[in-house]
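Visitor: Below is the file model_16.cif, which contains mmCIF, C-alpha atoms.
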```
data_run
#
loop_
_atom_site.label_atom_id
_atom_site.label_comp_id
_atom_site.auth_asym_id
_atom_site.auth_seq_id
_atom_site.Cartn_x
_atom_site.Cartn_y
_atom_site.Cartn_z
CA MET A 1 0.70 -0.84 30.97
CA GLY A 2 4.42 -1.46 31.19
CA LYS A 3 4.06 -3.82 34.16
CA ARG A 4 1.22 -5.72 32.49
CA ARG A 5 3.35 -6.22 29.36
CA VAL A 6 6.21 -7.66 31.40
CA ARG A 7 3.83 -10.14 33.08
CA ILE A 8 2.02 -11.17 29.91
CA THR A 9 5.11 -11.72 27.73
CA PRO A 10 6.31 -14.95 29.46
CA TYR A 11 2.84 -16.46 29.04
CA ILE A 12 2.82 -15.56 25.35
CA ILE A 13 6.27 -17.09 24.85
CA GLY A 14 5.25 -20.18 26.83
CA GLY A 15 2.09 -20.54 24.79
CA LEU A 16 4.01 -20.31 21.53
CA ILE A 17 6.45 -22.97 22.73
CA VAL A 18 3.57 -25.29 23.66
CA ILE A 19 1.93 -24.77 20.25
CA PHE A 20 5.23 -25.46 18.50
CA VAL A 21 5.85 -28.66 20.50
CA VAL A 22 2.30 -29.91 19.83
CA MET A 23 2.67 -29.24 16.10
CA ALA A 24 6.04 -31.02 16.05
CA LEU A 25 4.51 -34.07 17.75
CA LEU A 26 1.54 -34.11 15.35
CA VAL A 27 3.71 -33.76 12.24
CA ASN A 28 6.31 -36.36 13.25
CA ALA A 29 4.22 -38.90 15.19
CA THR A 30 1.03 -38.95 13.10
CA PRO A 31 0.22 -39.26 9.36
CA LEU A 32 -0.33 -35.48 9.24
CA GLY A 33 3.26 -34.74 8.24
CA ALA A 34 3.33 -37.31 5.44
CA SER A 35 0.62 -35.48 3.50
CA ASN A 36 1.95 -31.92 3.73
CA VAL A 37 5.39 -30.82 2.56
CA TRP A 38 5.15 -27.41 4.23
CA LEU A 39 4.39 -28.91 7.63
CA ARG A 40 7.49 -31.09 7.32
CA VAL A 41 9.53 -28.03 6.36
CA PHE A 42 8.40 -26.08 9.42
CA PHE A 43 8.01 -28.84 12.03
CA GLY A 44 9.82 -31.92 10.65
CA ILE A 45 12.31 -33.82 12.79
CA SER A 46 15.19 -32.75 10.57
CA ALA A 47 14.26 -29.08 11.06
CA LEU A 48 14.17 -29.56 14.83
CA ASN A 49 17.52 -31.35 14.89
CA PHE A 50 19.11 -28.68 12.71
CA THR A 51 17.64 -25.96 14.96
CA LEU A 52 19.40 -27.32 18.02
CA ARG A 53 22.64 -27.93 16.13
CA ALA A 54 22.64 -24.40 14.71
CA SER A 55 21.78 -22.91 18.10
CA VAL A 56 24.65 -24.41 20.10
CA PRO A 57 27.39 -21.95 19.00
CA LEU A 58 24.90 -19.09 19.38
CA ILE A 59 24.06 -20.21 22.92
CA LEU A 60 27.72 -20.45 23.90
CA GLY A 61 28.49 -17.09 22.27
CA ALA A 62 25.56 -15.45 24.06
CA MET A 63 26.72 -16.89 27.41
CA SER A 64 30.16 -15.44 26.66
CA GLY A 65 28.67 -12.01 26.07
CA ILE A 66 26.54 -12.20 29.22
CA LEU A 67 29.53 -13.01 31.45
CA CYS A 68 31.55 -10.15 29.99
CA GLU A 69 28.86 -7.49 29.85
CA ARG A 70 27.34 -8.29 33.23
CA THR A 71 30.64 -7.05 34.70
CA GLY A 72 30.79 -4.00 32.41
CA ILE A 73 32.98 -5.14 29.50
CA ILE A 74 31.43 -4.88 26.04
CA ASN A 75 32.51 -7.93 24.05
CA ILE A 76 31.91 -7.35 20.38
CA GLY A 77 34.89 -9.61 19.66
CA ILE A 78 32.97 -12.87 20.20
CA GLU A 79 33.21 -13.54 16.47
CA GLY A 80 37.00 -13.38 16.62
CA MET A 81 37.16 -15.54 19.74
CA MET A 82 34.96 -18.14 18.05
CA LEU A 83 37.13 -18.20 14.96
CA ALA A 84 40.33 -18.44 17.00
CA GLY A 85 38.85 -21.29 19.04
CA ALA A 86 37.79 -23.11 15.87
CA PHE A 87 41.25 -22.77 14.34
CA ALA A 88 42.97 -23.88 17.56
CA ALA A 89 40.71 -26.93 17.78
CA PHE A 90 41.48 -27.80 14.16
CA VAL A 91 45.24 -27.47 14.62
CA ALA A 92 45.13 -29.54 17.80
CA LYS A 93 42.96 -32.21 16.18
CA THR A 94 45.05 -32.54 13.02
CA GLY A 95 48.24 -32.66 15.08
CA THR A 96 46.92 -35.59 17.11
CA ASN A 97 45.12 -37.63 14.45
CA ASP A 98 47.25 -40.64 15.42
CA TRP A 99 45.99 -40.51 19.02
CA PRO A 100 42.89 -42.42 20.15
CA LEU A 101 39.92 -40.48 18.79
CA MET A 102 38.43 -39.39 22.13
CA ASN A 103 41.80 -38.21 23.45
CA SER A 104 42.40 -36.24 20.26
CA LEU A 105 38.96 -34.62 20.42
CA LEU A 106 39.36 -33.69 24.09
CA PHE A 107 42.75 -32.16 23.30
CA GLY A 108 41.03 -30.11 20.60
CA VAL A 109 38.45 -28.93 23.15
CA ALA A 110 41.23 -27.94 25.56
CA ALA A 111 43.00 -26.01 22.79
CA ALA A 112 39.80 -24.15 21.89
CA LEU A 113 39.22 -23.23 25.54
CA ALA A 114 42.82 -22.10 26.03
CA VAL A 115 42.97 -19.93 22.92
CA GLY A 116 39.52 -18.48 23.59
CA GLY A 117 40.62 -17.65 27.14
CA ALA A 118 43.78 -16.01 25.81
CA MET A 119 41.70 -13.87 23.46
CA GLY A 120 39.47 -12.92 26.38
CA TRP A 121 42.51 -11.96 28.44
CA LEU A 122 43.80 -9.84 25.55
CA HIS A 123 40.45 -8.06 25.29
CA ALA A 124 40.43 -7.41 29.04
CA LEU A 125 44.01 -6.16 28.92
CA PHE A 126 43.25 -3.69 26.13
CA SER A 127 40.00 -2.56 27.77
CA ILE A 128 41.09 -2.30 31.41
CA ARG A 129 44.82 -1.68 31.59
CA TYR A 130 45.26 0.31 28.39
CA ARG A 131 41.75 1.85 28.42
CA MET A 132 41.18 1.14 24.74
CA ASP A 133 37.67 1.71 23.46
CA GLN A 134 36.01 -1.67 23.98
CA ILE A 135 34.30 -1.67 20.58
CA ILE A 136 37.65 -1.06 18.89
CA SER A 137 39.33 -3.72 21.04
CA GLY A 138 36.73 -6.30 20.01
CA THR A 139 37.08 -5.33 16.37
CA VAL A 140 40.86 -5.75 16.62
CA LEU A 141 40.34 -9.29 17.93
CA ILE A 142 38.10 -10.14 14.98
CA ILE A 143 40.64 -8.82 12.49
CA LEU A 144 43.48 -10.59 14.32
CA ALA A 145 41.71 -13.96 14.36
CA THR A 146 40.66 -13.67 10.72
CA GLY A 147 44.13 -12.72 9.53
CA VAL A 148 46.12 -15.24 11.58
CA SER A 149 43.79 -18.18 10.85
CA SER A 150 43.77 -17.42 7.12
CA TYR A 151 47.56 -17.03 6.98
CA LEU A 152 48.38 -20.18 8.97
CA PHE A 153 45.61 -22.43 7.63
CA ASN A 154 47.00 -25.51 5.92
CA ARG A 155 44.44 -26.48 3.29
CA ASP A 156 45.93 -29.96 2.96
CA ALA A 157 45.40 -30.79 6.63
CA VAL A 158 42.43 -33.01 7.48
CA ALA A 159 40.89 -33.57 10.90
CA GLU A 160 39.92 -37.22 11.22
CA GLY A 161 36.73 -37.88 13.17
CA LYS A 162 34.40 -35.84 15.35
CA PHE A 163 32.17 -36.26 18.39
CA GLY A 164 29.29 -38.69 17.90
CA SER A 165 25.83 -38.70 19.45
CA ILE A 166 25.25 -40.13 22.92
CA ALA A 167 21.71 -41.34 23.57
CA ILE A 168 20.49 -40.94 27.15
CA PRO A 169 18.83 -44.22 28.16
CA GLY A 170 15.09 -43.91 28.62
CA LEU A 171 14.82 -40.22 27.73
CA SER A 172 15.98 -40.79 24.16
CA GLN A 173 13.00 -43.12 23.63
CA ILE A 174 10.46 -40.30 24.10
CA PRO A 175 8.68 -39.73 20.74
CA VAL A 176 10.17 -36.82 18.75
CA LEU A 177 11.51 -34.90 21.77
CA GLY A 178 13.78 -37.78 22.77
CA GLU A 179 15.43 -37.85 19.36
CA VAL A 180 15.88 -34.08 19.34
CA LEU A 181 16.93 -33.35 22.93
CA PHE A 182 18.37 -36.57 24.34
CA SER A 183 20.40 -38.05 21.51
CA ASN A 184 23.15 -35.52 20.90
CA PRO A 185 26.95 -35.23 20.96
CA PRO A 186 28.62 -34.12 24.24
CA LEU A 187 29.26 -30.46 23.38
CA THR A 188 25.54 -29.94 22.72
CA TYR A 189 24.69 -31.29 26.16
CA THR A 190 27.47 -29.13 27.62
CA ALA A 191 26.02 -25.95 26.08
CA LEU A 192 22.54 -26.66 27.48
CA ILE A 193 23.90 -27.50 30.93
CA LEU A 194 26.04 -24.34 30.95
CA VAL A 195 22.92 -22.19 30.53
CA VAL A 196 21.53 -23.58 33.80
CA VAL A 197 24.90 -23.35 35.56
CA ILE A 198 25.49 -19.74 34.51
CA HIS A 199 21.96 -18.71 35.49
CA ILE A 200 22.36 -20.21 38.97
CA ALA A 201 25.87 -18.78 39.33
CA LEU A 202 24.82 -15.26 38.30
CA PHE A 203 21.70 -14.99 40.44
CA TYR A 204 22.20 -17.35 43.37
CA THR A 205 25.89 -17.12 44.32
CA LYS A 206 28.19 -14.54 45.88
CA TRP A 207 30.31 -14.52 42.71
CA GLY A 208 27.25 -13.69 40.61
CA LEU A 209 26.14 -10.90 42.93
CA ARG A 210 29.61 -9.35 42.83
CA SER A 211 29.85 -9.75 39.05
CA ARG A 212 26.53 -7.97 38.52
CA ALA A 213 27.52 -5.25 40.99
CA CYS A 214 30.66 -4.58 38.92
CA GLY A 215 28.50 -4.03 35.85
CA GLU A 216 25.79 -1.98 37.53
CA HIS A 217 27.58 0.19 40.08
CA PRO A 218 31.34 -0.44 40.20
CA ARG A 219 32.03 2.42 42.61
CA ALA A 220 29.65 0.95 45.18
CA ALA A 221 31.17 -2.50 44.63
CA ASP A 222 34.65 -1.08 45.19
CA THR A 223 33.48 0.64 48.35
CA VAL A 224 32.50 -2.69 49.94
CA GLY A 225 35.84 -4.27 49.02
CA ILE A 226 35.14 -5.92 45.65
CA ASN A 227 38.07 -5.78 43.25
CA VAL A 228 36.11 -4.58 40.20
CA ASN A 229 38.82 -4.90 37.59
CA ARG A 230 39.84 -8.35 38.82
CA PHE A 231 36.24 -9.54 38.35
CA ARG A 232 36.20 -7.98 34.89
CA TYR A 233 39.42 -9.78 33.95
CA MET A 234 38.12 -13.10 35.30
CA ASN A 235 34.73 -12.95 33.63
CA THR A 236 36.11 -11.77 30.29
CA ILE A 237 38.59 -14.65 30.27
CA ILE A 238 35.83 -17.16 31.11
CA GLY A 239 33.66 -15.55 28.45
CA GLY A 240 36.49 -15.94 25.95
CA MET A 241 36.75 -19.62 26.84
CA LEU A 242 33.04 -20.12 26.12
CA ALA A 243 33.36 -18.32 22.78
CA GLY A 244 36.39 -20.48 21.97
CA LEU A 245 34.34 -23.58 22.84
CA ALA A 246 31.65 -22.36 20.42
CA GLY A 247 34.29 -22.33 17.68
CA GLY A 248 35.57 -25.73 18.80
CA PHE A 249 32.02 -27.07 18.46
CA LEU A 250 31.99 -26.13 14.78
CA VAL A 251 35.18 -28.10 14.09
CA LEU A 252 34.92 -31.00 16.53
CA GLU A 253 31.18 -31.71 16.45
CA ALA A 254 29.30 -29.92 13.68
CA VAL A 255 31.46 -29.74 10.53
CA GLY A 256 34.51 -31.81 11.40
CA GLN A 257 36.88 -29.55 9.44
CA PHE A 258 38.03 -25.95 9.43
CA GLN A 259 37.20 -23.40 6.76
CA GLU A 260 38.36 -19.81 6.51
CA GLY A 261 35.81 -17.50 8.09
CA MET A 262 33.67 -20.48 9.07
CA THR A 263 32.01 -18.62 11.97
CA ALA A 264 30.13 -16.61 9.28
CA GLY A 265 28.72 -13.94 11.58
CA ARG A 266 27.67 -16.30 14.40
CA GLY A 267 29.43 -14.09 16.92
CA PHE A 268 27.31 -11.11 15.95
CA ILE A 269 24.12 -13.20 16.00
CA SER A 270 25.15 -14.33 19.51
CA LEU A 271 25.33 -10.69 20.55
CA ALA A 272 21.85 -10.17 19.11
CA ALA A 273 20.59 -13.19 21.09
CA MET A 274 22.15 -11.76 24.26
CA ILE A 275 20.44 -8.38 23.74
CA PHE A 276 17.13 -9.96 22.70
CA GLY A 277 17.32 -12.12 25.83
CA ASN A 278 17.90 -9.03 28.02
CA TRP A 279 21.30 -10.26 29.25
CA MET A 280 19.60 -13.26 30.91
CA PRO A 281 20.89 -16.82 30.27
CA PHE A 282 17.51 -18.43 29.59
CA GLY A 283 16.30 -15.45 27.58
CA ALA A 284 19.45 -15.56 25.47
CA MET A 285 19.05 -19.31 24.93
CA GLY A 286 15.48 -18.76 23.75
CA ALA A 287 16.64 -16.09 21.32
CA ALA A 288 19.45 -18.36 20.11
CA LEU A 289 16.94 -21.13 19.46
CA LEU A 290 14.79 -18.67 17.49
CA PHE A 291 17.75 -17.65 15.33
CA GLY A 292 18.80 -21.29 15.01
CA TYR A 293 15.29 -22.13 13.82
CA THR A 294 15.54 -19.51 11.07
CA GLN A 295 18.76 -21.17 9.90
CA ALA A 296 17.02 -24.54 9.97
CA LEU A 297 14.11 -23.08 8.02
CA GLN A 298 16.53 -21.71 5.44
CA ASN A 299 18.15 -25.13 5.12
CA GLU A 300 14.83 -26.97 4.85
CA LEU A 301 13.49 -24.60 2.18
CA LEU A 302 16.61 -25.09 0.08
CA LEU A 303 16.43 -28.88 0.50
CA ALA A 304 12.73 -28.83 -0.43
CA GLY A 305 13.67 -27.15 -3.70
CA VAL A 306 11.63 -24.00 -3.22
CA THR A 307 12.07 -22.12 -6.49
CA THR A 308 9.34 -19.49 -6.23
CA VAL A 309 11.69 -17.40 -4.06
CA PRO A 310 15.28 -16.72 -5.22
CA ARG A 311 17.87 -18.77 -3.33
CA GLN A 312 19.66 -15.61 -2.18
CA PHE A 313 16.52 -14.35 -0.42
CA VAL A 314 16.09 -17.67 1.35
CA SER A 315 19.70 -17.48 2.55
CA MET A 316 19.01 -14.02 3.99
CA ILE A 317 16.30 -15.26 6.39
CA PRO A 318 18.47 -15.73 9.55
CA TYR A 319 20.10 -12.31 9.21
CA VAL A 320 16.86 -10.48 8.42
CA VAL A 321 15.14 -12.05 11.44
CA THR A 322 18.12 -11.09 13.62
CA ILE A 323 17.96 -7.46 12.50
CA VAL A 324 14.18 -7.24 12.91
CA ALA A 325 14.26 -8.87 16.36
CA VAL A 326 16.99 -6.64 17.74
CA SER A 327 15.70 -3.42 16.20
CA GLY A 328 12.18 -4.16 17.42
CA PHE A 329 13.13 -4.95 21.02
CA VAL A 330 16.27 -2.89 21.62
CA GLY A 331 14.23 -0.15 23.34
CA ARG A 332 12.55 -2.65 25.70
CA VAL A 333 15.72 -4.07 27.26
CA ARG A 334 18.25 -2.49 29.57
CA ALA A 335 21.98 -3.10 29.42
CA PRO A 336 24.12 -3.13 32.60
CA ALA A 337 24.49 0.51 33.71
CA ALA A 338 28.31 0.55 33.70
CA GLU A 339 28.71 -1.37 30.44
CA GLY A 340 31.65 -0.07 28.41
CA LYS A 341 32.85 2.33 31.11
CA VAL A 342 36.45 2.10 32.28
CA TYR A 343 36.71 1.92 36.06
CA GLU A 344 39.66 3.38 37.91
CA THR A 345 40.23 2.43 41.52
CA GLU A 346 41.21 4.99 44.12
CA GLY A 347 44.78 3.75 43.96
CA GLY A 348 45.01 3.89 40.17
CA SER A 349 44.46 1.42 37.33
CA GLU A 350 45.35 -2.24 37.52
#
```
Written as structure tokens, that's how I'd like the structure from this file.
Guide:
Amino acid sequence: MGKRRVRITPYIIGGLIVIFVVMALLVNATPLGASNVWLRVFFGISALNFTLRASVPLILGAMSGILCERTGIINIGIEGMMLAGAFAAFVAKTGTNDWPLMNSLLFGVAAALAVGGAMGWLHALFSIRYRMDQIISGTVLIILATGVSSYLFNRDAVAEGKFGSIAIPGLSQIPVLGEVLFSNPPLTYTALILVVVIHIALFYTKWGLRSRACGEHPRAADTVGINVNRFRYMNTIIGGMLAGLAGGFLVLEAVGQFQEGMTAGRGFISLAAMIFGNWMPFGAMGAALLFGYTQALQNELLLAGVTTVPRQFVSMIPYVVTIVAVSGFVGRVRAPAAEGKVYETEGGSE
């Protein structure tokens, strides 16, 4: 029964995706959507656009978690890395408002990547060299990012401008799907491309094989000459950079400004997407899109003026779906075997 379930599940997911795409095309390309408010709420073009926009930081955060945890480092600090990256992007952008807009935005991206990478290095240092409990280390990063960003935030500073949409010739003309998938700002494209790149890198390259070996059986990896802790440092730093980029997306592409605590739990939802996706890039992206859709649904219901349900309950939808999804599937997924376990080489720690 277990094997049959594993084989059937992809077909079920694929079927649901096909049904959703067909409904979206019918609602947005035919008169069907004009006559039904609820269909527009669930399948309207604005809901689809918001789904992708809300999913981007979750996708990047989930990729961050996958890179870290595939080598054995639990990264519960994604939320803090996101917030630090967002604050760094904001500071860099406001400090270069007099530069040409694209140069200023790219400098903000570089700042988000650098600070996210530094947070990743700090997490690896605490976890590997000083053998701190990895859950506590991640929590420390969240508290650190929250405190520093709140203390240093200049409420009078304003970031001028953000990334605009780039339409891909030809593809952007496809009805409905073209507007949703092929007319987006650059960081959105980057997030989607990174999913493919990380999947190929993890499962079809020597680096990916060694990274997964470090998370599954570090002693065996060490025996064949793989420097386990070096791989853990490297992947945690890269993961931190991706989480920092997720924060930079919020400032440089989505909102355009910084707000205290603006990540609002996205780091934790990214972790849920990673678990729900079974530590697989495409699975995590699918979960991120699901959670992004619940945020879009929340937004559309509020815009539609739904008053039969209290506003607070509508706002709870993304978090309730996250809890239900993870609690319902946590027993059906398997984390890397050496996740969270400190590894000591024969010659001592690094």
Visitor: Excluding range 330-342 of chain A and any residue of its chain fewer than 3 positions from it, enumerate the residues within 6 Å of it, using only C-alpha atoms, and give them as a PyMOL selection string.
Guide: chain A and resi 72-74+215-216+278+326-327
Visitor: If you count all atoms listed in the file, which residues fall within 8 Å of range 236-247 of chain A, apart from same-chain ones fewer than 4 positions away, as a PyMOL selection string?
Guide: chain A and resi 56-58+60-61+63-68+73+78-79+81-87+89+109+112-121+123-124+232+251+263
Visitor: Between CA of Phe50 in chain A and CA of Phe20 in chain A, what is the spacing in Å?
Guide: 15.4 Å
Visitor: List the residues selected by the PyMOL selection byres ((chain A and resi 147-155) around 9) in the file shown, writing them as a list of chain:residue names.
Guide: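 Evaluating the PyMOL selection byres ((chain A and resi 147-155) around 9) on this file yields A:Leu83, A:Ala84, A:Phe87, A:Ala88, A:Val91, A:Ile142, A:Ile143, A:Leu144, A:Ala145, A:Thr146, A:Asp156, A:Ala157, A:Val158, A:Phe258, A:Gln259, A:Glu260, A:Gly261.
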Visitor: Separation of CA of Asn235 in chain A and CA of Trp207 in chain A, in Å?
Guide: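 Here the two named atoms are 10.2 Å from each other.
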Visitor: Name every residue that the PyMOL selection byres ((chain A and resi 293-309) around 7) selects in this structure, writing the answer as a PDB file with C-alpha atoms, keeping the file's coordinate frame with chains first and numbers rising.
Guide:
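Contents of result_3.pdb, freshly written:
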```
ATOM      1  CA  VAL A  41       9.530 -28.030   6.360  1.00  0.00           C
ATOM      2  CA  PHE A  42       8.400 -26.080   9.420  1.00  0.00           C
ATOM      3  CA  ALA A  47      14.260 -29.080  11.060  1.00  0.00           C
ATOM      4  CA  PHE A  50      19.110 -28.680  12.710  1.00  0.00           C
ATOM      5  CA  THR A  51      17.640 -25.960  14.960  1.00  0.00           C
ATOM      6  CA  ALA A  54      22.640 -24.400  14.710  1.00  0.00           C
ATOM      7  CA  LEU A 289      16.940 -21.130  19.460  1.00  0.00           C
ATOM      8  CA  LEU A 290      14.790 -18.670  17.490  1.00  0.00           C
ATOM      9  CA  PHE A 291      17.750 -17.650  15.330  1.00  0.00           C
ATOM     10  CA  GLY A 292      18.800 -21.290  15.010  1.00  0.00           C
ATOM     11  CA  PRO A 310      15.280 -16.720  -5.220  1.00  0.00           C
ATOM     12  CA  ARG A 311      17.870 -18.770  -3.330  1.00  0.00           C
ATOM     13  CA  PHE A 313      16.520 -14.350  -0.420  1.00  0.00           C
ATOM     14  CA  VAL A 314      16.090 -17.670   1.350  1.00  0.00           C
ATOM     15  CA  SER A 315      19.700 -17.480   2.550  1.00  0.00           C
ATOM     16  CA  ILE A 317      16.300 -15.260   6.390  1.00  0.00           C
ATOM     17  CA  PRO A 318      18.470 -15.730   9.550  1.00  0.00           C
TER      18      PRO A 318
END
```
Visitor: Name the residues in contact with range 166-177 of chain A at a cut-off of 8 Å, using all atoms listed in the file, excluding same-chain residues fewer than 4 positions from it; report them as a PyMOL selection string.
Guide: chain A and resi 24-25+28-29+45+181-186
Visitor: Would you export the selected residues with C-alpha atoms as a PDB file, in the coordinates of the input, please?
Guide:
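To be explicit, this is the file written out as again-v8.pdb:
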```pdb
ATOM      1  CA  ALA A  24       6.040 -31.020  16.050  1.00  0.00           C
ATOM      2  CA  LEU A  25       4.510 -34.070  17.750  1.00  0.00           C
ATOM      3  CA  ASN A  28       6.310 -36.360  13.250  1.00  0.00           C
ATOM      4  CA  ALA A  29       4.220 -38.900  15.190  1.00  0.00           C
ATOM      5  CA  ILE A  45      12.310 -33.820  12.790  1.00  0.00           C
ATOM      6  CA  LEU A 181      16.930 -33.350  22.930  1.00  0.00           C
ATOM      7  CA  PHE A 182      18.370 -36.570  24.340  1.00  0.00           C
ATOM      8  CA  SER A 183      20.400 -38.050  21.510  1.00  0.00           C
ATOM      9  CA  ASN A 184      23.150 -35.520  20.900  1.00  0.00           C
ATOM     10  CA  PRO A 185      26.950 -35.230  20.960  1.00  0.00           C
ATOM     11  CA  PRO A 186      28.620 -34.120  24.240  1.00  0.00           C
TER      12      PRO A 186
END
```
Visitor: Would you mind listing what lies within 10 Å of range 196-199 of chain A as a list of chain:residue names, with only C-alpha atoms counted and same-chain residues fewer than 5 positions away left out?
Guide: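 The residues that qualify are A:Met63, A:Ile66, A:Leu67, A:Ala191, A:Tyr204, A:Thr205, A:Gly208, A:Met280, A:Pro281, A:Phe282.
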Visitor: Would you kindly return, as a PyMOL selection string, each protein, DNA or RNA residue with an atom no farther than 10 Å from any atom of Gly283 in chain A, considering all atoms listed in the file and excluding same-chain residues fewer than 4 positions away?
Guide: chain A and resi 62+195+273-279+287-289
Visitor: Evaluate the PyMOL selection byres ((chain A and resi 227-229) around 12) against this structure - the residues, as a PyMOL selection string, please.
Guide: chain A and resi 68+70-73+124-125+127-129+131+207+210-226+230-236+338+341-350
Visitor: Which residue is closest to Glu179 in chain A? Choose from A:Leu48, A:Leu32, A:Leu192, A:Ile19 and count only C-alpha atoms.
Guide: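 Closest to Glu179 in chain A of all the choices is A:Leu48.
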Visitor: Give the answer as one residue: which of A:Asn75, A:Phe249, A:Phe43, A:Thr96 has the shortest atom-to-atom distance to Val140 in chain A, using all atoms listed in the file?
Guide: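 Looking only at the distances to Val140 in chain A, the closest residue turns out to be A:Asn75.
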Visitor: Using the atoms already present, construct all heavy atoms for range 36-42 of chain A and hand them back as an mmCIF file, in the coordinates of the input.
Guide:
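Everything below was put into part36.cif:
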```
data_model
loop_
_atom_site.group_PDB
_atom_site.id
_atom_site.type_symbol
_atom_site.label_atom_id
_atom_site.label_comp_id
_atom_site.auth_asym_id
_atom_site.auth_seq_id
_atom_site.Cartn_x
_atom_site.Cartn_y
_atom_site.Cartn_z
ATOM 1 N N ASN A 36 1.752 -33.363 3.922
ATOM 2 C CA ASN A 36 1.950 -31.920 3.730
ATOM 3 C C ASN A 36 3.426 -31.580 3.785
ATOM 4 O O ASN A 36 4.074 -31.693 4.838
ATOM 5 C CB ASN A 36 1.178 -31.148 4.811
ATOM 6 C CG ASN A 36 1.071 -29.664 4.473
ATOM 7 O OD1 ASN A 36 2.071 -28.986 4.235
ATOM 8 N ND2 ASN A 36 -0.157 -29.160 4.441
ATOM 9 N N VAL A 37 3.968 -31.159 2.645
ATOM 10 C CA VAL A 37 5.390 -30.820 2.560
ATOM 11 C C VAL A 37 5.730 -29.636 3.447
ATOM 12 O O VAL A 37 6.761 -29.620 4.127
ATOM 13 C CB VAL A 37 5.777 -30.526 1.094
ATOM 14 C CG1 VAL A 37 7.221 -30.043 1.017
ATOM 15 C CG2 VAL A 37 5.566 -31.757 0.233
ATOM 16 N N TRP A 38 4.854 -28.623 3.467
ATOM 17 C CA TRP A 38 5.150 -27.410 4.230
ATOM 18 C C TRP A 38 5.182 -27.675 5.723
ATOM 19 O O TRP A 38 5.996 -27.074 6.448
ATOM 20 C CB TRP A 38 4.126 -26.325 3.896
ATOM 21 C CG TRP A 38 4.327 -25.747 2.534
ATOM 22 C CD1 TRP A 38 3.587 -25.990 1.424
ATOM 23 C CD2 TRP A 38 5.380 -24.866 2.129
ATOM 24 N NE1 TRP A 38 4.101 -25.311 0.348
ATOM 25 C CE2 TRP A 38 5.191 -24.601 0.750
ATOM 26 C CE3 TRP A 38 6.450 -24.277 2.786
ATOM 27 C CZ2 TRP A 38 6.043 -23.780 0.029
ATOM 28 C CZ3 TRP A 38 7.306 -23.442 2.072
ATOM 29 C CH2 TRP A 38 7.102 -23.200 0.706
ATOM 30 N N LEU A 39 4.337 -28.567 6.207
ATOM 31 C CA LEU A 39 4.390 -28.910 7.630
ATOM 32 C C LEU A 39 5.701 -29.595 7.976
ATOM 33 O O LEU A 39 6.272 -29.357 9.058
ATOM 34 C CB LEU A 39 3.203 -29.814 7.995
ATOM 35 C CG LEU A 39 1.830 -29.138 8.079
ATOM 36 C CD1 LEU A 39 0.749 -30.172 8.390
ATOM 37 C CD2 LEU A 39 1.838 -28.050 9.144
ATOM 38 N N ARG A 40 6.198 -30.436 7.069
ATOM 39 C CA ARG A 40 7.490 -31.090 7.320
ATOM 40 C C ARG A 40 8.626 -30.078 7.299
ATOM 41 O O ARG A 40 9.590 -30.203 8.047
ATOM 42 C CB ARG A 40 7.738 -32.190 6.274
ATOM 43 C CG ARG A 40 6.815 -33.393 6.401
ATOM 44 C CD ARG A 40 7.411 -34.612 5.694
ATOM 45 N NE ARG A 40 7.675 -34.338 4.288
ATOM 46 C CZ ARG A 40 6.790 -34.492 3.323
ATOM 47 N NH1 ARG A 40 5.560 -34.895 3.614
ATOM 48 N NH2 ARG A 40 7.108 -34.242 2.062
ATOM 49 N N VAL A 41 8.496 -29.069 6.420
ATOM 50 C CA VAL A 41 9.530 -28.030 6.360
ATOM 51 C C VAL A 41 9.596 -27.258 7.675
ATOM 52 O O VAL A 41 10.678 -26.996 8.215
ATOM 53 C CB VAL A 41 9.259 -27.059 5.182
ATOM 54 C CG1 VAL A 41 10.127 -25.806 5.304
ATOM 55 C CG2 VAL A 41 9.526 -27.759 3.861
ATOM 56 N N PHE A 42 8.434 -26.917 8.225
ATOM 57 C CA PHE A 42 8.400 -26.080 9.420
ATOM 58 C C PHE A 42 8.543 -26.874 10.725
ATOM 59 O O PHE A 42 9.084 -26.358 11.699
ATOM 60 C CB PHE A 42 7.089 -25.281 9.466
ATOM 61 C CG PHE A 42 7.075 -24.101 8.539
ATOM 62 C CD1 PHE A 42 6.537 -24.216 7.262
ATOM 63 C CD2 PHE A 42 7.604 -22.887 8.929
ATOM 64 C CE1 PHE A 42 6.524 -23.127 6.400
ATOM 65 C CE2 PHE A 42 7.594 -21.800 8.080
ATOM 66 C CZ PHE A 42 7.060 -21.915 6.809
#
```
